[in-house]
$ cat data06.cif   # mmCIF, C-alpha atoms
data_data
#
loop_
_atom_site.label_atom_id
_atom_site.label_comp_id
_atom_site.auth_asym_id
_atom_site.auth_seq_id
_atom_site.Cartn_x
_atom_site.Cartn_y
_atom_site.Cartn_z
CA MET A 1 6.19 -8.43 43.24
CA ALA A 2 9.00 -7.08 45.44
CA SER A 3 6.88 -7.45 48.60
CA VAL A 4 5.97 -11.04 47.71
CA THR A 5 9.62 -11.85 47.11
CA LEU A 6 10.54 -10.32 50.47
CA LEU A 7 7.96 -12.50 52.20
CA VAL A 8 9.24 -15.64 50.44
CA VAL A 9 12.84 -14.86 51.45
CA LEU A 10 11.90 -14.37 55.11
CA ILE A 11 9.88 -17.61 55.16
CA ILE A 12 12.76 -19.58 53.67
CA SER A 13 15.18 -17.93 56.09
CA VAL A 14 13.38 -19.31 59.16
CA THR A 15 12.84 -22.79 57.69
CA THR A 16 15.33 -25.66 57.99
CA ASN A 17 15.39 -29.02 56.26
CA LYS A 18 15.15 -32.31 58.08
CA HIS A 19 18.59 -33.94 58.17
CA PRO A 20 19.21 -37.68 58.52
CA GLY A 21 19.93 -38.70 62.07
CA ALA A 22 18.37 -35.60 63.60
CA HIS A 23 16.35 -35.95 66.79
CA ALA A 24 12.58 -35.61 66.65
CA ALA A 25 12.78 -32.38 68.57
CA ALA A 26 15.14 -30.94 66.02
CA ALA A 27 13.76 -32.57 62.91
CA GLY A 28 13.61 -29.29 61.01
CA GLY A 29 10.72 -27.24 59.65
CA PHE A 30 9.17 -23.76 59.66
CA GLY A 31 10.38 -21.51 62.46
CA GLU A 32 13.18 -23.84 63.53
CA ARG A 33 15.90 -21.53 62.22
CA PRO A 34 16.54 -18.21 63.98
CA LEU A 35 16.17 -15.01 61.94
CA PRO A 36 19.18 -12.76 62.50
CA ALA A 37 19.12 -9.02 61.96
CA HIS A 38 21.50 -9.10 58.98
CA THR A 39 19.07 -11.35 57.07
CA VAL A 40 16.23 -8.89 57.61
CA VAL A 41 18.40 -5.95 56.50
CA THR A 42 19.72 -7.64 53.35
CA ALA A 43 16.20 -8.86 52.47
CA LEU A 44 14.76 -5.35 52.82
CA LEU A 45 17.55 -3.84 50.72
CA GLY A 46 17.07 -6.50 48.06
CA ALA A 47 13.30 -5.90 47.94
CA GLY A 48 13.91 -2.16 47.60
CA ALA A 49 16.28 -2.78 44.68
CA LEU A 50 13.74 -5.02 42.94
CA VAL A 51 11.30 -2.11 42.79
CA LEU A 52 13.61 -0.54 40.17
CA ARG A 53 14.25 -3.76 38.19
CA ARG A 54 12.22 -2.72 35.10
CA ARG A 55 13.92 0.66 34.87
CA SER A 56 17.49 -0.59 35.52
CA PRO A 57 17.57 -4.39 35.22
CA GLY A 58 21.37 -4.71 35.03
CA PRO A 59 22.24 -2.64 38.13
CA VAL A 60 19.45 -4.33 40.11
CA LEU A 61 20.88 -7.76 39.25
CA GLY A 62 24.31 -6.61 40.42
CA ALA A 63 22.86 -5.24 43.66
CA THR A 64 21.04 -8.51 44.47
CA LEU A 65 24.19 -10.49 43.78
CA VAL A 66 26.19 -8.31 46.19
CA LEU A 67 23.50 -8.61 48.86
CA THR A 68 23.34 -12.39 48.39
CA LEU A 69 27.11 -12.71 48.81
CA ALA A 70 26.94 -10.48 51.91
CA GLU A 71 24.19 -12.67 53.39
CA LEU A 72 26.20 -15.84 52.74
CA ILE A 73 29.29 -14.37 54.40
CA LEU A 74 27.35 -13.15 57.44
CA GLY A 75 25.55 -16.47 57.65
CA THR A 76 28.83 -18.30 58.29
CA VAL A 77 29.07 -16.35 61.57
CA SER A 78 25.45 -16.53 62.73
CA HIS A 79 24.55 -20.13 61.78
CA PRO A 80 26.18 -23.54 62.00
CA PRO A 81 27.14 -25.24 58.68
CA ALA A 82 24.02 -27.40 58.57
CA GLU A 83 21.64 -24.40 58.82
CA ARG A 84 23.23 -22.15 56.19
CA HIS A 85 21.32 -21.66 52.93
CA THR A 86 20.93 -19.15 50.11
CA SER A 87 17.47 -17.71 50.72
CA MET A 88 18.46 -14.50 48.87
CA MET A 89 18.77 -16.54 45.67
CA VAL A 90 15.05 -15.90 45.05
CA MET A 91 15.78 -12.19 44.53
CA VAL A 92 18.71 -12.96 42.23
CA ALA A 93 16.46 -15.22 40.12
CA LEU A 94 13.79 -12.50 39.79
CA ALA A 95 16.41 -9.90 38.78
CA LEU A 96 17.95 -12.31 36.23
CA PHE A 97 14.45 -12.98 34.79
CA THR A 98 13.96 -9.24 34.27
CA VAL A 99 17.33 -8.88 32.53
CA ALA A 100 16.53 -11.77 30.17
CA ALA A 101 13.12 -10.32 29.33
CA ALA A 102 14.50 -6.84 28.66
CA THR A 103 17.63 -7.69 26.62
CA ASP A 104 18.61 -10.00 23.76
CA ARG A 105 19.49 -13.68 23.85
CA ALA A 106 23.25 -13.15 23.63
CA THR A 107 23.20 -10.80 26.62
CA THR A 108 21.02 -13.23 28.54
CA LEU A 109 23.48 -16.05 27.84
CA ARG A 110 26.50 -14.05 29.01
CA VAL A 111 24.85 -12.58 32.11
CA GLY A 112 23.15 -15.86 33.04
CA THR A 113 26.35 -17.84 32.72
CA GLY A 114 28.29 -15.37 34.88
CA THR A 115 25.55 -15.26 37.51
CA LEU A 116 25.29 -19.05 37.61
CA ALA A 117 29.04 -19.51 38.02
CA LEU A 118 29.36 -16.85 40.73
CA ILE A 119 26.37 -17.78 42.84
CA THR A 120 26.96 -21.55 42.56
CA VAL A 121 30.56 -21.34 43.70
CA ALA A 122 29.64 -18.97 46.53
CA GLY A 123 26.81 -21.24 47.66
CA MET A 124 29.00 -24.34 47.71
CA LEU A 125 31.75 -22.54 49.70
CA LEU A 126 29.63 -20.45 52.08
CA GLY A 127 26.21 -22.11 52.06
CA ALA A 128 24.99 -25.36 53.53
CA GLN A 129 27.70 -27.88 54.23
CA PRO A 130 28.87 -30.24 52.97
CA TRP A 131 29.28 -28.53 49.58
CA TYR A 132 27.32 -31.24 47.77
CA ALA A 133 24.18 -30.55 49.76
CA SER A 134 20.95 -30.44 47.71
CA GLU A 135 20.39 -26.77 48.56
CA ASN A 136 23.59 -25.84 46.74
CA PHE A 137 22.67 -27.73 43.56
CA GLY A 138 19.22 -26.13 43.61
CA ILE A 139 20.92 -22.83 42.80
CA ILE A 140 21.69 -24.13 39.28
CA ALA A 141 18.02 -24.94 38.62
CA TRP A 142 16.82 -21.56 39.94
CA THR A 143 19.29 -19.61 37.81
CA ALA A 144 18.70 -21.56 34.58
CA LEU A 145 14.91 -21.46 35.00
CA ALA A 146 14.91 -17.69 35.55
CA ALA A 147 17.04 -17.05 32.44
CA LEU A 148 14.98 -19.38 30.22
CA ALA A 149 11.65 -17.95 31.42
CA GLY A 150 12.80 -14.37 30.81
CA ASP A 151 14.04 -15.22 27.30
CA ALA A 152 10.71 -16.93 26.48
CA VAL A 153 8.77 -13.85 27.63
CA ARG A 154 11.01 -11.57 25.53
CA HIS A 155 10.55 -13.79 22.44
CA ARG A 156 6.78 -13.80 22.84
CA ARG A 157 6.65 -10.02 23.18
CA ALA A 158 8.79 -9.63 20.06
CA ALA A 159 6.48 -11.98 18.12
CA VAL A 160 3.38 -10.05 19.22
CA ASP A 161 5.01 -6.72 18.29
CA ALA A 162 5.97 -8.09 14.86
CA ILE A 163 2.40 -9.26 14.23
CA ARG A 164 1.02 -5.90 15.29
CA GLU A 165 3.52 -4.06 13.05
CA ARG A 166 2.62 -6.21 10.05
CA ALA A 167 -1.07 -5.59 10.66
CA GLU A 168 -0.53 -1.82 10.90
CA ARG A 169 1.63 -1.84 7.76
CA ALA A 170 -0.97 -3.88 5.87
CA GLU A 171 -3.70 -1.46 6.94
CA ALA A 172 -1.65 1.54 5.85
CA THR A 173 -0.85 -0.13 2.51
CA ARG A 174 -4.52 -0.97 1.98
CA GLU A 175 -5.57 2.62 2.62
CA GLU A 176 -2.84 3.95 0.32
CA GLU A 177 -3.90 1.54 -2.45
CA ALA A 178 -7.52 2.60 -2.02
CA ARG A 179 -6.57 6.28 -2.29
CA ARG A 180 -4.49 5.57 -5.40
CA ARG A 181 -7.35 3.72 -7.08
CA VAL A 182 -9.78 6.49 -6.21
CA ALA A 183 -7.41 9.07 -7.71
CA GLU A 184 -6.96 7.01 -10.89
CA GLU A 185 -10.71 6.50 -11.24
CA ARG A 186 -11.34 10.20 -10.69
CA LEU A 187 -8.79 11.06 -13.37
CA ARG A 188 -10.29 8.55 -15.81
CA ILE A 189 -13.80 9.93 -15.28
CA ALA A 190 -12.48 13.47 -15.71
CA ARG A 191 -10.94 12.49 -19.07
CA GLU A 192 -14.19 10.88 -20.20
CA LEU A 193 -16.24 13.91 -19.19
CA HIS A 194 -13.86 16.27 -20.96
CA ASP A 195 -13.89 14.21 -24.15
CA VAL A 196 -17.68 14.04 -24.18
CA VAL A 197 -18.36 17.67 -23.26
CA ALA A 198 -15.66 19.22 -25.44
CA HIS A 199 -16.73 17.31 -28.53
CA HIS A 200 -20.46 17.83 -28.34
CA ILE A 201 -20.41 21.38 -27.00
CA ALA A 202 -18.09 22.39 -29.85
CA LEU A 203 -20.59 21.01 -32.37
CA VAL A 204 -23.49 22.69 -30.58
CA ASN A 205 -21.62 26.00 -30.59
CA VAL A 206 -20.90 25.86 -34.32
CA GLN A 207 -24.41 24.79 -35.30
CA ALA A 208 -25.97 27.42 -33.05
CA GLY A 209 -23.78 30.07 -34.71
CA VAL A 210 -24.86 28.87 -38.16
CA ALA A 211 -28.54 28.95 -37.15
CA SER A 212 -28.20 32.45 -35.76
CA HIS A 213 -26.46 33.64 -38.91
CA VAL A 214 -28.98 32.26 -41.43
CA MET A 215 -32.14 32.49 -39.34
CA ASP A 216 -33.65 35.34 -41.39
CA SER A 217 -32.28 34.65 -44.87
CA ARG A 218 -32.37 30.82 -44.98
CA PRO A 219 -34.81 29.47 -42.39
CA ASP A 220 -34.59 25.91 -43.78
CA GLN A 221 -30.84 25.76 -43.15
CA ALA A 222 -31.38 27.30 -39.72
CA LYS A 223 -33.88 24.54 -38.87
CA GLU A 224 -31.37 21.91 -40.00
CA ALA A 225 -28.65 23.48 -37.83
CA LEU A 226 -30.99 23.53 -34.83
CA ALA A 227 -31.82 19.87 -35.46
CA GLN A 228 -28.08 19.12 -35.32
CA VAL A 229 -27.86 21.08 -32.07
CA ARG A 230 -30.63 18.98 -30.62
CA LEU A 231 -28.99 15.74 -31.79
CA ALA A 232 -25.57 16.69 -30.43
CA SER A 233 -27.01 17.75 -27.08
CA ARG A 234 -28.98 14.49 -26.82
CA GLN A 235 -25.84 12.49 -27.52
CA ALA A 236 -23.90 14.53 -24.95
CA LEU A 237 -26.56 13.89 -22.31
CA SER A 238 -26.57 10.17 -23.11
CA GLU A 239 -22.79 9.86 -22.79
CA LEU A 240 -22.80 11.95 -19.62
CA GLN A 241 -25.46 9.68 -18.15
CA THR A 242 -23.34 6.63 -18.96
CA THR A 243 -20.20 8.18 -17.46
CA VAL A 244 -21.90 9.45 -14.31
CA GLY A 245 -23.53 6.03 -13.97
CA LEU A 246 -20.09 4.72 -13.02
CA LEU A 247 -20.39 6.70 -9.79
CA ARG A 248 -23.57 4.94 -8.70
CA HIS A 249 -23.58 2.67 -5.70
CA ARG A 250 -24.04 -1.05 -6.11
CA ASP A 251 -27.62 -0.98 -4.81
CA ASP A 252 -28.69 1.95 -7.03
CA PRO A 253 -31.03 1.22 -9.97
CA VAL A 254 -29.15 0.19 -13.07
CA ALA A 255 -29.21 2.93 -15.69
CA PRO A 256 -29.70 2.09 -19.37
CA THR A 257 -26.37 1.43 -21.06
CA GLU A 258 -25.13 1.62 -24.63
CA PRO A 259 -22.24 -0.10 -26.43
CA THR A 260 -18.81 1.11 -25.41
CA LYS A 261 -17.39 3.71 -27.74
CA GLY A 262 -14.81 2.40 -30.19
CA LEU A 263 -13.59 2.55 -33.77
CA ALA A 264 -16.62 0.53 -34.85
CA VAL A 265 -18.74 3.67 -34.45
CA LEU A 266 -16.11 6.00 -35.90
CA GLY A 267 -18.37 6.63 -38.89
CA ASP A 268 -21.04 8.18 -36.65
CA LEU A 269 -18.43 10.46 -35.11
CA VAL A 270 -17.17 11.59 -38.52
CA ASP A 271 -20.73 12.14 -39.76
CA GLY A 272 -21.31 14.60 -36.93
CA PHE A 273 -18.32 16.69 -38.01
CA THR A 274 -19.33 16.42 -41.64
CA ARG A 275 -22.79 17.79 -40.89
CA ALA A 276 -21.06 20.66 -39.10
CA GLY A 277 -19.32 21.57 -42.38
CA MET A 278 -15.84 20.07 -41.88
CA ALA A 279 -14.32 17.76 -44.51
CA VAL A 280 -12.88 14.57 -42.96
CA VAL A 281 -11.14 11.68 -44.72
CA VAL A 282 -10.54 8.39 -42.89
CA GLU A 283 -7.87 5.93 -44.00
CA ARG A 284 -7.65 2.50 -42.39
CA ALA A 285 -5.31 -0.39 -43.13
CA GLY A 286 -6.10 -3.93 -42.12
CA ALA A 287 -9.88 -3.72 -42.01
CA ASP A 288 -10.23 -7.50 -41.64
CA GLU A 289 -7.98 -7.73 -38.61
CA PRO A 290 -9.15 -9.30 -35.29
CA PRO A 291 -10.99 -7.01 -32.87
CA LEU A 292 -8.92 -4.59 -30.86
CA PRO A 293 -8.58 -4.87 -27.08
CA SER A 294 -11.39 -2.86 -25.49
CA ALA A 295 -9.04 -0.41 -23.76
CA VAL A 296 -7.12 0.27 -26.98
CA ASP A 297 -10.34 0.58 -28.98
CA LEU A 298 -11.80 3.17 -26.59
CA ALA A 299 -8.52 5.10 -26.37
CA ALA A 300 -8.19 5.28 -30.16
CA TYR A 301 -11.77 6.51 -30.50
CA ARG A 302 -11.26 9.22 -27.88
CA VAL A 303 -8.02 10.34 -29.51
CA VAL A 304 -9.75 10.79 -32.87
CA GLN A 305 -12.69 12.53 -31.18
CA GLU A 306 -10.48 15.00 -29.32
CA ALA A 307 -8.25 15.65 -32.32
CA LEU A 308 -11.18 16.39 -34.64
CA THR A 309 -12.76 18.59 -31.98
CA ASN A 310 -9.54 20.60 -31.77
CA VAL A 311 -9.43 20.90 -35.56
CA HIS A 312 -12.98 22.19 -35.58
CA LYS A 313 -12.32 24.66 -32.75
CA HIS A 314 -8.90 25.98 -33.77
CA ALA A 315 -8.53 25.42 -37.52
CA GLY A 316 -11.98 26.67 -38.47
CA PRO A 317 -14.98 25.06 -40.15
CA ASP A 318 -13.35 25.21 -43.59
CA ALA A 319 -10.37 23.09 -42.55
CA LYS A 320 -9.90 19.55 -43.82
CA ALA A 321 -8.81 16.68 -41.64
CA LEU A 322 -7.22 13.31 -42.42
CA VAL A 323 -7.58 10.40 -39.98
CA ARG A 324 -5.18 7.52 -40.56
CA ILE A 325 -5.48 4.28 -38.56
CA LEU A 326 -2.85 1.56 -39.13
CA ARG A 327 -1.93 -1.74 -37.53
CA THR A 328 1.76 -2.57 -37.65
CA GLY A 329 4.10 -5.25 -36.32
CA ARG A 330 3.57 -8.76 -35.05
CA GLY A 331 3.64 -10.55 -31.73
CA ASP A 332 4.91 -8.40 -28.88
CA GLY A 333 5.58 -5.58 -31.36
CA ALA A 334 2.00 -5.33 -32.63
CA ARG A 335 0.65 -1.82 -32.28
CA LEU A 336 -2.04 0.57 -33.47
CA GLU A 337 -1.05 3.95 -34.92
CA VAL A 338 -3.63 6.75 -34.96
CA THR A 339 -2.71 9.93 -36.85
CA VAL A 340 -4.89 13.01 -37.34
CA LEU A 341 -3.70 15.78 -39.69
CA ASP A 342 -5.35 19.05 -40.62
CA ASP A 343 -4.57 21.83 -43.08
CA GLY A 344 -5.30 24.76 -40.83
CA PRO A 345 -3.83 28.15 -41.70
CA GLY A 346 -0.06 28.32 -41.30
CA GLY A 347 2.10 31.15 -40.02
CA ALA A 348 -0.19 31.97 -37.08
CA PRO A 349 0.78 31.25 -33.53
CA VAL A 350 -0.28 27.84 -32.34
CA PRO A 351 -3.29 28.08 -30.03
CA ALA A 352 -2.66 27.32 -26.39
CA GLY A 353 -4.97 24.34 -26.51
CA ARG A 354 -2.89 22.78 -29.29
CA ALA A 355 0.65 23.43 -28.09
CA GLY A 356 2.82 20.40 -28.54
CA ALA A 357 4.69 20.58 -25.27
CA GLY A 358 1.93 21.80 -23.01
CA GLY A 359 -1.61 22.02 -24.30
CA GLY A 360 -4.98 22.04 -22.64
CA HIS A 361 -6.89 19.24 -21.01
CA GLY A 362 -7.57 17.54 -24.35
CA LEU A 363 -3.94 16.96 -25.30
CA THR A 364 -3.12 16.11 -21.69
CA GLY A 365 -5.88 13.50 -21.75
CA MET A 366 -4.45 12.02 -24.96
CA ARG A 367 -1.01 11.68 -23.44
CA GLU A 368 -2.43 10.14 -20.25
CA ARG A 369 -4.49 7.62 -22.21
CA ALA A 370 -1.48 6.61 -24.30
CA ALA A 371 0.81 6.37 -21.25
CA ALA A 372 -1.75 4.26 -19.36
CA LEU A 373 -1.60 1.66 -22.16
CA GLY A 374 2.18 1.81 -22.53
CA GLY A 375 2.04 3.87 -25.73
CA SER A 376 3.19 7.30 -26.85
CA CYS A 377 1.60 10.55 -28.02
CA GLU A 378 3.18 13.16 -30.30
CA THR A 379 1.50 16.49 -31.06
CA GLY A 380 2.72 19.60 -32.80
CA PRO A 381 2.34 22.01 -35.73
CA LEU A 382 3.39 21.07 -39.27
CA GLU A 383 5.66 23.03 -41.55
CA GLY A 384 3.62 25.18 -43.90
CA GLY A 385 0.54 25.08 -41.70
CA GLY A 386 -1.64 22.51 -40.04
CA PHE A 387 -1.33 20.35 -36.98
CA ARG A 388 -0.57 16.70 -36.35
CA VAL A 389 -1.59 14.30 -33.62
CA ARG A 390 0.05 10.86 -33.64
CA VAL A 391 -0.66 8.24 -31.00
CA VAL A 392 0.91 4.76 -30.92
CA LEU A 393 -0.81 2.13 -28.76
CA PRO A 394 0.62 -1.38 -28.18
CA LEU A 395 -1.84 -4.21 -28.79
CA ARG A 396 -0.46 -6.41 -26.01
CA SER A 397 -2.36 -6.03 -22.78
CA PRO A 398 -0.42 -6.53 -19.55
CA GLY A 399 -0.04 -10.28 -19.02
CA GLY A 400 -2.10 -11.11 -22.13
CA PRO A 401 -1.35 -12.29 -25.66
CA ALA A 402 -0.50 -9.87 -28.40
CA VAL A 403 -2.97 -9.20 -31.20
CA GLU A 404 -1.13 -10.28 -34.34
CA ARG A 405 -1.79 -9.34 -37.90
CA SER A 406 -3.54 -11.97 -39.94
CA GLY A 407 -2.10 -11.09 -43.34
CA ALA A 408 -1.09 -8.31 -45.68
CA ASP A 409 -2.54 -4.86 -45.10
CA ARG A 410 -5.61 -4.05 -47.11
CA GLY A 411 -6.02 -0.31 -47.33
CA TRP A 412 -9.29 1.48 -47.87
CA THR A 413 -10.28 5.11 -47.82
CA LEU A 414 -13.54 6.58 -46.59
CA PRO A 415 -14.13 10.13 -47.80
CA CYS A 416 -16.63 12.07 -45.77
CA VAL A 417 -17.22 15.50 -47.24
#

$ encode --input "data06.cif" --output "structure tokens"
Amino acid sequence: MASVTLLVVLIISVTTNKHPGAHAAAAGGFGERPLPAHTVVTALLGAGALVLRRRSPGPVLGATLVLTLAELILGTVSHPPAERHTSMMVMVALALFTVAAATDRATTLRVGTGTLALITVAGMLLGAQPWYASENFGIIAWTALAALAGDAVRHRRAAVDAIRERAERAEATREEEARRRVAEERLRIARELHDVVAHHIALVNVQAGVASHVMDSRPDQAKEALAQVRLASRQALSELQTTVGLLRHRDDPVAPTEPTKGLAVLGDLVDGFTRAGMAVVVERAGADEPPLPSAVDLAAYRVVQEALTNVHKHAGPDAKALVRILRTGRGDGARLEVTVLDDGPGGAPVPAGRAGAGGGHGLTGMRERAAALGGSCETGPLEGGGFRVRVVLPLRSPGGPAVERSGADRGWTLPCV
């Protein structure tokens, strides 16, 4: 660009305009104006300064202004008034364009105004005469055009950079959201697997122990215990198949499914513990209420499943458990309360898996399920022995209507011994 500008300056320097009244031999044109040595020197210095315009736009603009003023002053000595002109203005315009493209609009306005005032006054006083010659007024157009073009280029670059930044931010946000969803899904599947495996393996362990104990003395009871082992293992495999089926790809064959677990099949869950020798009593209030939201229904079922499994593992097969399920409140305050109590032996240290503050994966899963639905989970030992699990789940789903109570509570008790 600097070499092209140098060539343009030299061409303009040896070209004169045709003036009214001039003779045909001196009508003006290319090569009619002599090229003095000072014009070549100032043009070369200006071109050399323009090489550094991107690195130091302000100093380069100042240097071209000084060289232009020097050329105008020297031109008053080497040329008559009619042949003077501001050929170096091309370099000033290019330097001003670079300043406008590299800085902000306020700086462009200040620098452009100062440059325009200085170079216009100098051109009218030292350039072509008379002062109102068209060459002198052309300086205004050159200066304004250079400043406006540089500002337009700067604005376009800023717009492109903003679009690119938004695209990069959107991509980063999309990847972060995908990672968060993957982590949440992994955690949910881990909870489901723990609930399924812990429950059924505990039953299998107890029934296998019973079968081993009575194998010689009471073979009929041993066969019944082994049948329970087979049933529990089949149910565990079925639930594992359903859970792992969530990890299939869209194009994989669809695996057989079964109804989602919920309080509607709570009786089957209790029957399994009853056959294992544990006494369980279920109390429910509001049996004729509308159906629960699916997420609340599944969470309540898993809470009862995990709590009864812990009772069976830690309180012993002779312990008794009470499951109480209540609906309370109306409107936004409607909620489901699930409480599981047992009468395990008191005075002994609380097992690590049933500690109220910490606990194993089972109690952690309960708290995570309750927190995910905006509820709460309280666990801890009871005075005089036993353990309590109490989970409160709101019946209003995010952005959805609350499940209200339809009338007075109607209590009923289901003993399973």

$ residues_around --input "data06.cif" --residues "region 71-88 of chain A" --least-positions-apart "3" --cutoff "8 Å" --atoms "only C-alpha atoms" --output "PyMOL selection string"
chain A and resi 9-10+12-13+16+33+36+38-39+42-43+64+67-68+91-92+122-123+126-130+135-136

$ atom_distance --input "data06.cif" --atom1 "CA of Ala47 (chain A)" --atom2 "CA of Ala70 (chain A)"
14.9 Å

$ residues_around --input "data06.cif" --residues "Asn205 (chain A)" --least-positions-apart "6" --cutoff "12 Å" --atoms "only C-alpha atoms" --output "list in words"
Val197, Ala198, His199, Ala211, Ser212, Ala225, Leu226, Gln228, Val229, Arg230, Ala232, Ser233, Ala276, Thr309, His312, Lys313 and Pro317 of chain A

$ atom_distance --input "data06.cif" --atom1 "CA of Lys261 (chain A)" --atom2 "CA of Leu298 (chain A)"
5.7 Å

$ residues_around --input "data06.cif" --residues "region 99-114 of chain A" --least-positions-apart "5" --cutoff "7 Å" --atoms "only C-alpha atoms" --output "VMD selection string"
chain A and resid 57 to 58 147 150 to 151 153 to 154

$ resolve_selection --input "data06.cif" --expression "the PyMOL selection byres ((chain A and resi 392) around 6)" --output "PyMOL selection string"
chain A and resi 336-337+375-376+391+393

$ closest_residue --input "data06.cif" --among "A:Glu368, A:Asp271, A:Asp216, A:Glu168" --to "Ala299 (chain A)" --atoms "all atoms listed in the file"
A:Glu368

$ atom_distance --input "data06.cif" --atom1 "CA of Gly331 (chain A)" --atom2 "CA of Arg390 (chain A)"
21.8 Å

$ residues_around --input "data06.cif" --residues "Arg369 (chain A)" --least-positions-apart "5" --cutoff "12 Å" --atoms "only C-alpha atoms" --output "PDB file with C-alpha atoms, keeping the file's coordinate frame"
ATOM      1  CA  GLU A 184      -6.960   7.010 -10.890  1.00  0.00           C
ATOM      2  CA  LEU A 187      -8.790  11.060 -13.370  1.00  0.00           C
ATOM      3  CA  ARG A 188     -10.290   8.550 -15.810  1.00  0.00           C
ATOM      4  CA  ILE A 189     -13.800   9.930 -15.280  1.00  0.00           C
ATOM      5  CA  ALA A 190     -12.480  13.470 -15.710  1.00  0.00           C
ATOM      6  CA  ARG A 191     -10.940  12.490 -19.070  1.00  0.00           C
ATOM      7  CA  GLU A 192     -14.190  10.880 -20.200  1.00  0.00           C
ATOM      8  CA  ASP A 195     -13.890  14.210 -24.150  1.00  0.00           C
ATOM      9  CA  ALA A 295      -9.040  -0.410 -23.760  1.00  0.00           C
ATOM     10  CA  VAL A 296      -7.120   0.270 -26.980  1.00  0.00           C
ATOM     11  CA  ASP A 297     -10.340   0.580 -28.980  1.00  0.00           C
ATOM     12  CA  LEU A 298     -11.800   3.170 -26.590  1.00  0.00           C
ATOM     13  CA  ALA A 299      -8.520   5.100 -26.370  1.00  0.00           C
ATOM     14  CA  ALA A 300      -8.190   5.280 -30.160  1.00  0.00           C
ATOM     15  CA  TYR A 301     -11.770   6.510 -30.500  1.00  0.00           C
ATOM     16  CA  ARG A 302     -11.260   9.220 -27.880  1.00  0.00           C
ATOM     17  CA  VAL A 303      -8.020  10.340 -29.510  1.00  0.00           C
ATOM     18  CA  GLU A 306     -10.480  15.000 -29.320  1.00  0.00           C
ATOM     19  CA  HIS A 361      -6.890  19.240 -21.010  1.00  0.00           C
ATOM     20  CA  GLY A 362      -7.570  17.540 -24.350  1.00  0.00           C
ATOM     21  CA  LEU A 363      -3.940  16.960 -25.300  1.00  0.00           C
ATOM     22  CA  THR A 364      -3.120  16.110 -21.690  1.00  0.00           C
ATOM     23  CA  GLY A 374       2.180   1.810 -22.530  1.00  0.00           C
ATOM     24  CA  GLY A 375       2.040   3.870 -25.730  1.00  0.00           C
ATOM     25  CA  SER A 376       3.190   7.300 -26.850  1.00  0.00           C
ATOM     26  CA  CYS A 377       1.600  10.550 -28.020  1.00  0.00           C
ATOM     27  CA  VAL A 391      -0.660   8.240 -31.000  1.00  0.00           C
ATOM     28  CA  VAL A 392       0.910   4.760 -30.920  1.00  0.00           C
ATOM     29  CA  LEU A 393      -0.810   2.130 -28.760  1.00  0.00           C
ATOM     30  CA  PRO A 394       0.620  -1.380 -28.180  1.00  0.00           C
TER      31      PRO A 394
END

$ decode --input "data06.cif" --residues "region 137-145 of chain A" --atoms "N, CA, C and O atoms" --output "PDB file, in the first residue's frame"
ATOM      1  N   PHE A 137     -10.265  23.097  -1.877  1.00  0.00           N
ATOM      2  CA  PHE A 137     -11.509  22.581  -1.297  1.00  0.00           C
ATOM      3  C   PHE A 137     -11.585  21.054  -1.405  1.00  0.00           C
ATOM      4  O   PHE A 137     -12.313  20.405  -0.653  1.00  0.00           O
ATOM      5  N   GLY A 138     -10.817  20.475  -2.299  1.00  0.00           N
ATOM      6  CA  GLY A 138     -10.774  19.009  -2.374  1.00  0.00           C
ATOM      7  C   GLY A 138     -10.148  18.372  -1.149  1.00  0.00           C
ATOM      8  O   GLY A 138     -10.401  17.199  -0.849  1.00  0.00           O
ATOM      9  N   ILE A 139      -9.344  19.166  -0.428  1.00  0.00           N
ATOM     10  CA  ILE A 139      -8.735  18.642   0.803  1.00  0.00           C
ATOM     11  C   ILE A 139      -9.808  18.245   1.810  1.00  0.00           C
ATOM     12  O   ILE A 139      -9.682  17.228   2.512  1.00  0.00           O
ATOM     13  N   ILE A 140     -10.883  19.033   1.897  1.00  0.00           N
ATOM     14  CA  ILE A 140     -11.968  18.733   2.857  1.00  0.00           C
ATOM     15  C   ILE A 140     -12.593  17.381   2.538  1.00  0.00           C
ATOM     16  O   ILE A 140     -12.838  16.558   3.426  1.00  0.00           O
ATOM     17  N   ALA A 141     -12.853  17.133   1.249  1.00  0.00           N
ATOM     18  CA  ALA A 141     -13.477  15.855   0.861  1.00  0.00           C
ATOM     19  C   ALA A 141     -12.554  14.683   1.149  1.00  0.00           C
ATOM     20  O   ALA A 141     -12.991  13.632   1.663  1.00  0.00           O
ATOM     21  N   TRP A 142     -11.252  14.826   0.840  1.00  0.00           N
ATOM     22  CA  TRP A 142     -10.308  13.747   1.105  1.00  0.00           C
ATOM     23  C   TRP A 142     -10.249  13.417   2.596  1.00  0.00           C
ATOM     24  O   TRP A 142     -10.274  12.236   2.998  1.00  0.00           O
ATOM     25  N   THR A 143     -10.159  14.430   3.419  1.00  0.00           N
ATOM     26  CA  THR A 143     -10.030  14.209   4.864  1.00  0.00           C
ATOM     27  C   THR A 143     -11.289  13.563   5.447  1.00  0.00           C
ATOM     28  O   THR A 143     -11.219  12.597   6.210  1.00  0.00           O
ATOM     29  N   ALA A 144     -12.462  14.104   5.115  1.00  0.00           N
ATOM     30  CA  ALA A 144     -13.715  13.560   5.646  1.00  0.00           C
ATOM     31  C   ALA A 144     -13.949  12.124   5.178  1.00  0.00           C
ATOM     32  O   ALA A 144     -14.378  11.251   5.950  1.00  0.00           O
ATOM     33  N   LEU A 145     -13.655  11.873   3.887  1.00  0.00           N
ATOM     34  CA  LEU A 145     -13.856  10.515   3.353  1.00  0.00           C
ATOM     35  C   LEU A 145     -12.949   9.512   4.046  1.00  0.00           C
ATOM     36  O   LEU A 145     -13.373   8.382   4.369  1.00  0.00           O
TER      37      LEU A 145
END
